[in-house]
Amino acid sequence: MPEPSSEETDSEPGPIPFDPVVPTFREWAVLKAQQTELTTRMNRLRDKVIEAVRTRGYADHKGSQYIDLPFPIPVGDAEYVRIKRERRVSVVADIEAAERITRAAGVYDRAFPPLPTLDADELYVLLQEGRLSEEEMDQIMVQKESWAFRGLTS
């Protein structure tokens with residue numbers, strides 16, 4: 001391999017080309033990292049506060065729990081005076097109980113109507129058997145395109 005000439009070793013590197021997306025992307029990457037750190041920190045603090053309200057708070061008639069703050073805490077446009085651990089109740093079906101009870105009552109078929117589902121593997125079997133054509137399969141199995149934004153580190 002030939003030695004570099006003195007002209008090549010003494011010269012300074014050329015200017016780095018400027019791409020206007022670089023500072024924008026760098027700001028986005030920094031904000032993303034800060035957001036991750038803040039979210040982790042917020043969740044840890046939230047969990048500590050929830051535990052304090054759970055163990056020391058008083059409950060209302062709906063089961064929500066509270067701690068009254070010793071003085072108002074102003075933050076931004078809000079002024080916090082109380083912490084609430086809100087009880088929320090939703091009604092959901094117990095599928096196993098529903099199956100057991102409706103079978104015993106003889107009404108299972110009404111409570112659990114059959115739902116048609118597409119078996120993509122079976123479509124390919126039908127194609128191999130010649131019951132469906134390539135053109136028909138192309139109409140059935142269509143490509144959907146989506147995009148995700150990611151910064152790569154390596």
# chains A, B, ... in the order shown; residues from 1 in each chain; ligands from 1
call {"tool": "residues_around", "arguments": {"residues": "Ala98 (chain A)", "least_positions_apart": "4", "cutoff": "10 Å", "atoms": "only C-alpha atoms", "output": "NGL selection string"}}
result
:A and (93-94 or 102-104 or 108 or 111-112)
call {"tool": "select_by_dssp", "arguments": {"residues": "region 60-144 of chain A", "states": "alpha helix (DSSP H)", "output": "ChimeraX atom specification"}}
result
/A:95-105,108-111,120-128,134-140
call {"tool": "atom_distance", "arguments": {"atom1": "CA of Phe71 (chain A)", "atom2": "CA of Asp47 (chain A)"}}
result
21.7 Å
call {"tool": "residues_around", "arguments": {"residues": "Asp68 (chain A)", "least_positions_apart": "3", "cutoff": "12 Å", "atoms": "only C-alpha atoms", "output": "ChimeraX atom specification"}}
result
/A:52-53,56-59,65,71-73,80-85
call {"tool": "write_last_selection", "arguments": {"atoms": "C-alpha atoms", "output": "compact mmCIF listing (two decimals), in the first residue's frame"}}
result
# COMPACT_ATOMS: atom_id res chain seq x y z
CA ALA A 52 -49.69 6.68 51.20
CA VAL A 53 -53.31 7.42 50.28
CA ARG A 56 -53.41 6.64 55.53
CA GLY A 57 -56.31 8.13 53.58
CA TYR A 58 -59.97 8.34 54.50
CA ALA A 59 -62.74 6.95 52.29
CA GLN A 65 -59.73 7.48 49.27
CA PHE A 71 -51.67 23.63 52.80
CA PRO A 72 -52.51 24.38 49.13
CA ILE A 73 -49.79 23.48 46.64
CA TYR A 80 -53.84 21.24 44.86
CA VAL A 81 -55.60 20.86 48.22
CA ARG A 82 -56.30 17.11 48.32
CA ILE A 83 -55.04 13.82 46.86
CA LYS A 84 -57.63 11.34 45.62
CA ARG A 85 -57.30 7.64 44.90
call {"tool": "select_by_dssp", "arguments": {"residues": "region 15-83 of chain A", "states": "strand (DSSP E or B)", "output": "PyMOL selection string"}}
result
chain A and resi 58-59+65-75+78-83
